[in-house]
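Notes follow the structure.
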Amino acid sequence: MAEYYEYGLIGLFVVCFMASTLYPLGSEAFVVGFMAMGFEPLAVWAVASLGNTLGSLSTYYLAYFGGYKMIMRFFPKVWDKISTLAPKIQKYGFVYAFFVFLPFVGDVFALALGLVRYRQILCVLGIALGKMARYALLVVPFVL
């Protein structure tokens, strides 16, 4: 297994990245599977957190740079949700960034954060902390 260790982590990174974009995929099953196969817990946690964070940031920047026209062209059904979230995000943006890891609504949060151009550093920190906490909850039981 040692010779395939790095390839497995690269695969985990790709799966976690894809799972946090607008493509629905359950990265949690892969993280638990990697832990069950005996991969290093810290490596699994770090790779999954980084991949998932970068995937969510790609959604954030899609709206950040694409703006209203991009949202209306590619995500017209989400516009109503985003328009109701916008005033709340101006006030509680960091909390919304933290909860980007939630299924179904997380992508909407990331798009809304980008559309209202919420501060990038706070968005990166909030998303990263939320993703790290989520994967820590999955990895810690295998360490104890």
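Chain identifiers are assigned as A, B, and so on, following the order in which chains appear in the structure tokens; residues are numbered from 1 within each chain, and ligands are numbered from 1 in order of appearance.
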
Quiz item: Contacts of Tyr92 in chain A at 12 Å or less, counting only C-alpha atoms, minus same-chain residues fewer than 5 places along, as an MDAnalysis selection string?
Solution: chainID A and resid 85:87 97:99 109 113 118:119 122:123 126

Quiz prompt | A:Ala36, A:Leu12, A:Val105, A:Tyr23 ranked by distance to Pro141 in chain A, top pick (using only C-alpha atoms) | solution = A:Ala36

Practice problem: Name the residues of range 15-144 of chain A that come out as alpha helix (DSSP H) in a backbone DSSP run; write them as a PyMOL selection string. | Solution: chain A and resi 15-19+27-36+41-74+79-98+105-115+120-143

Self-check item: Residues near Cys16 in chain A, cut-off 6 Å, only C-alpha atoms, skip fewer than 4 positions along chain, as a count of residues only
Solution: 4

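Comparing the minimum interatomic distances between Phe101 in chain A and each of A:Gly130, A:Val14, A:Met37, A:Phe65, counting only C-alpha atoms, we find that A:Gly130 sits nearest.
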
List the spatial neighbours of Ala43 in chain A as a PDB file with N, CA and C atoms, in the first residue's frame - criterion: any atom at most 12 Å away, only C-alpha atoms, same-chain residues fewer than 5 positions off excluded.
ATOM      1  N   TYR A   5       0.190   5.211  -1.687  1.00  0.00           N
ATOM      2  CA  TYR A   5      -0.275   6.122  -0.640  1.00  0.00           C
ATOM      3  C   TYR A   5      -0.529   7.527  -1.198  1.00  0.00           C
ATOM      4  N   GLU A   6       0.461   8.077  -1.928  1.00  0.00           N
ATOM      5  CA  GLU A   6       0.316   9.439  -2.450  1.00  0.00           C
ATOM      6  C   GLU A   6      -0.806   9.524  -3.469  1.00  0.00           C
ATOM      7  N   GLY A   8      -3.495   7.782  -3.533  1.00  0.00           N
ATOM      8  CA  GLY A   8      -4.757   7.755  -2.791  1.00  0.00           C
ATOM      9  C   GLY A   8      -5.109   9.116  -2.244  1.00  0.00           C
ATOM     10  N   LEU A   9      -4.119   9.820  -1.716  1.00  0.00           N
ATOM     11  CA  LEU A   9      -4.375  11.151  -1.172  1.00  0.00           C
ATOM     12  C   LEU A   9      -4.710  12.155  -2.273  1.00  0.00           C
ATOM     13  N   ILE A  10      -4.089  12.003  -3.429  1.00  0.00           N
ATOM     14  CA  ILE A  10      -4.437  12.868  -4.557  1.00  0.00           C
ATOM     15  C   ILE A  10      -5.886  12.606  -4.974  1.00  0.00           C
ATOM     16  N   LEU A  12      -8.246  11.475  -3.039  1.00  0.00           N
ATOM     17  CA  LEU A  12      -9.095  12.034  -1.987  1.00  0.00           C
ATOM     18  C   LEU A  12      -9.241  13.542  -2.165  1.00  0.00           C
ATOM     19  N   PHE A  13      -8.147  14.215  -2.500  1.00  0.00           N
ATOM     20  CA  PHE A  13      -8.195  15.653  -2.740  1.00  0.00           C
ATOM     21  C   PHE A  13      -9.173  15.977  -3.865  1.00  0.00           C
ATOM     22  N   VAL A  31     -13.752   9.853   3.021  1.00  0.00           N
ATOM     23  CA  VAL A  31     -12.899  10.107   4.179  1.00  0.00           C
ATOM     24  C   VAL A  31     -12.963   8.934   5.155  1.00  0.00           C
ATOM     25  N   PHE A  34     -11.089   5.982   3.644  1.00  0.00           N
ATOM     26  CA  PHE A  34      -9.638   6.128   3.746  1.00  0.00           C
ATOM     27  C   PHE A  34      -9.157   5.844   5.163  1.00  0.00           C
ATOM     28  N   MET A  35      -9.926   6.276   6.139  1.00  0.00           N
ATOM     29  CA  MET A  35      -9.558   5.997   7.532  1.00  0.00           C
ATOM     30  C   MET A  35      -9.638   4.496   7.802  1.00  0.00           C
ATOM     31  N   GLY A  38      -6.688   2.515   6.718  1.00  0.00           N
ATOM     32  CA  GLY A  38      -5.450   2.695   7.470  1.00  0.00           C
ATOM     33  C   GLY A  38      -4.587   3.867   7.062  1.00  0.00           C
ATOM     34  N   ALA A  48      -8.419  16.312   2.875  1.00  0.00           N
ATOM     35  CA  ALA A  48      -9.867  16.482   2.689  1.00  0.00           C
ATOM     36  C   ALA A  48     -10.285  17.922   2.975  1.00  0.00           C
ATOM     37  N   SER A  49      -9.753  18.497   4.038  1.00  0.00           N
ATOM     38  CA  SER A  49     -10.098  19.884   4.386  1.00  0.00           C
ATOM     39  C   SER A  49      -9.640  20.856   3.314  1.00  0.00           C
ATOM     40  N   LEU A  50      -8.412  20.685   2.827  1.00  0.00           N
ATOM     41  CA  LEU A  50      -7.883  21.578   1.803  1.00  0.00           C
ATOM     42  C   LEU A  50      -8.674  21.448   0.500  1.00  0.00           C
ATOM     43  N   GLY A  51      -8.897  20.223   0.056  1.00  0.00           N
ATOM     44  CA  GLY A  51      -9.649  20.020  -1.184  1.00  0.00           C
ATOM     45  C   GLY A  51     -11.055  20.577  -1.116  1.00  0.00           C
ATOM     46  N   TYR A 135     -14.511  17.647   8.991  1.00  0.00           N
ATOM     47  CA  TYR A 135     -13.681  16.458   8.774  1.00  0.00           C
ATOM     48  C   TYR A 135     -13.038  15.969  10.066  1.00  0.00           C
ATOM     49  N   ALA A 136     -12.802  16.862  11.002  1.00  0.00           N
ATOM     50  CA  ALA A 136     -12.288  16.430  12.305  1.00  0.00           C
ATOM     51  C   ALA A 136     -13.293  15.520  12.996  1.00  0.00           C
ATOM     52  N   VAL A 139     -12.802  12.125  11.414  1.00  0.00           N
ATOM     53  CA  VAL A 139     -11.491  11.472  11.587  1.00  0.00           C
ATOM     54  C   VAL A 139     -11.228  11.109  13.046  1.00  0.00           C
TER      55      VAL A 139
END

Which neighbours of Arg117 in chain A fall inside 12 Å, counting only C-alpha atoms, when residues of the same chain fewer than 6 positions from it are skipped, and could you give them as a compact mmCIF listing (two decimals) with N, CA, C and O atoms, in the first residue's frame?
# COMPACT_ATOMS: atom_id res chain seq x y z
N TYR A 60 -17.45 30.28 -4.54
CA TYR A 60 -17.47 31.67 -4.05
C TYR A 60 -16.94 32.62 -5.13
O TYR A 60 -17.57 33.63 -5.45
N TYR A 61 -15.77 32.28 -5.71
CA TYR A 61 -15.17 33.17 -6.70
C TYR A 61 -15.92 33.16 -8.03
O TYR A 61 -15.86 34.14 -8.77
N LEU A 62 -16.62 32.11 -8.32
CA LEU A 62 -17.48 32.07 -9.50
C LEU A 62 -18.51 33.19 -9.41
O LEU A 62 -18.74 33.93 -10.38
N ALA A 63 -19.12 33.35 -8.26
CA ALA A 63 -20.11 34.41 -8.06
C ALA A 63 -19.43 35.76 -7.84
O ALA A 63 -19.93 36.80 -8.28
N TYR A 64 -18.29 35.76 -7.17
CA TYR A 64 -17.56 37.00 -6.88
C TYR A 64 -17.19 37.72 -8.17
O TYR A 64 -17.39 38.92 -8.30
N PHE A 65 -16.65 36.96 -9.11
CA PHE A 65 -16.21 37.58 -10.37
C PHE A 65 -17.28 37.52 -11.46
O PHE A 65 -17.29 38.34 -12.36
N GLY A 66 -18.18 36.56 -11.37
CA GLY A 66 -19.22 36.42 -12.39
C GLY A 66 -20.39 37.35 -12.18
O GLY A 66 -21.04 37.79 -13.13
N GLY A 67 -20.71 37.62 -10.92
CA GLY A 67 -21.76 38.57 -10.59
C GLY A 67 -23.17 38.10 -10.92
O GLY A 67 -23.44 36.92 -11.13
N TYR A 68 -24.03 39.06 -10.96
CA TYR A 68 -25.46 38.83 -11.16
C TYR A 68 -25.76 38.10 -12.48
O TYR A 68 -26.55 37.17 -12.52
N ALA A 86 -28.88 37.88 0.95
CA ALA A 86 -27.92 38.96 0.80
C ALA A 86 -27.86 39.92 1.99
O ALA A 86 -26.77 40.20 2.50
N PRO A 87 -28.98 40.45 2.49
CA PRO A 87 -28.87 41.36 3.64
C PRO A 87 -28.32 40.68 4.90
O PRO A 87 -27.58 41.29 5.66
N ILE A 89 -26.23 38.18 4.93
CA ILE A 89 -24.81 37.88 4.73
C ILE A 89 -23.96 39.12 5.00
O ILE A 89 -22.85 39.00 5.51
N GLN A 90 -24.48 40.28 4.69
CA GLN A 90 -23.74 41.51 4.99
C GLN A 90 -23.46 41.61 6.49
O GLN A 90 -22.42 42.10 6.90
N GLY A 93 -21.95 37.33 7.69
CA GLY A 93 -21.25 36.62 6.63
C GLY A 93 -20.31 35.54 7.12
O GLY A 93 -20.23 34.46 6.52
N ALA A 110 -22.23 29.81 -0.46
CA ALA A 110 -20.99 30.20 -1.13
C ALA A 110 -21.28 31.16 -2.29
O ALA A 110 -20.57 32.15 -2.47
N LEU A 111 -22.29 30.85 -3.07
CA LEU A 111 -22.67 31.75 -4.17
C LEU A 111 -23.10 33.11 -3.65
O LEU A 111 -22.71 34.15 -4.20
N CYS A 123 -14.10 35.21 4.47
CA CYS A 123 -14.75 34.10 3.78
C CYS A 123 -13.82 32.88 3.75
O CYS A 123 -14.26 31.76 4.05

Exercise. Rank nothing, just name the residue among A:Leu54, A:Arg134, A:Val44, A:Pro103 nearest to Gly11 in chain A, using only C-alpha atoms.
Key: A:Val44

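Comparing A:Lys77, A:Val32, A:Gly26, A:Tyr7 by their smallest distance to Leu138 in chain A, the closest is A:Val32 (using only C-alpha atoms).
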
Quiz item: Between CA of Met132 in chain A and CA of Met70 in chain A, what is the distance, to one decimal in Å?
Solution: 29.2 Å
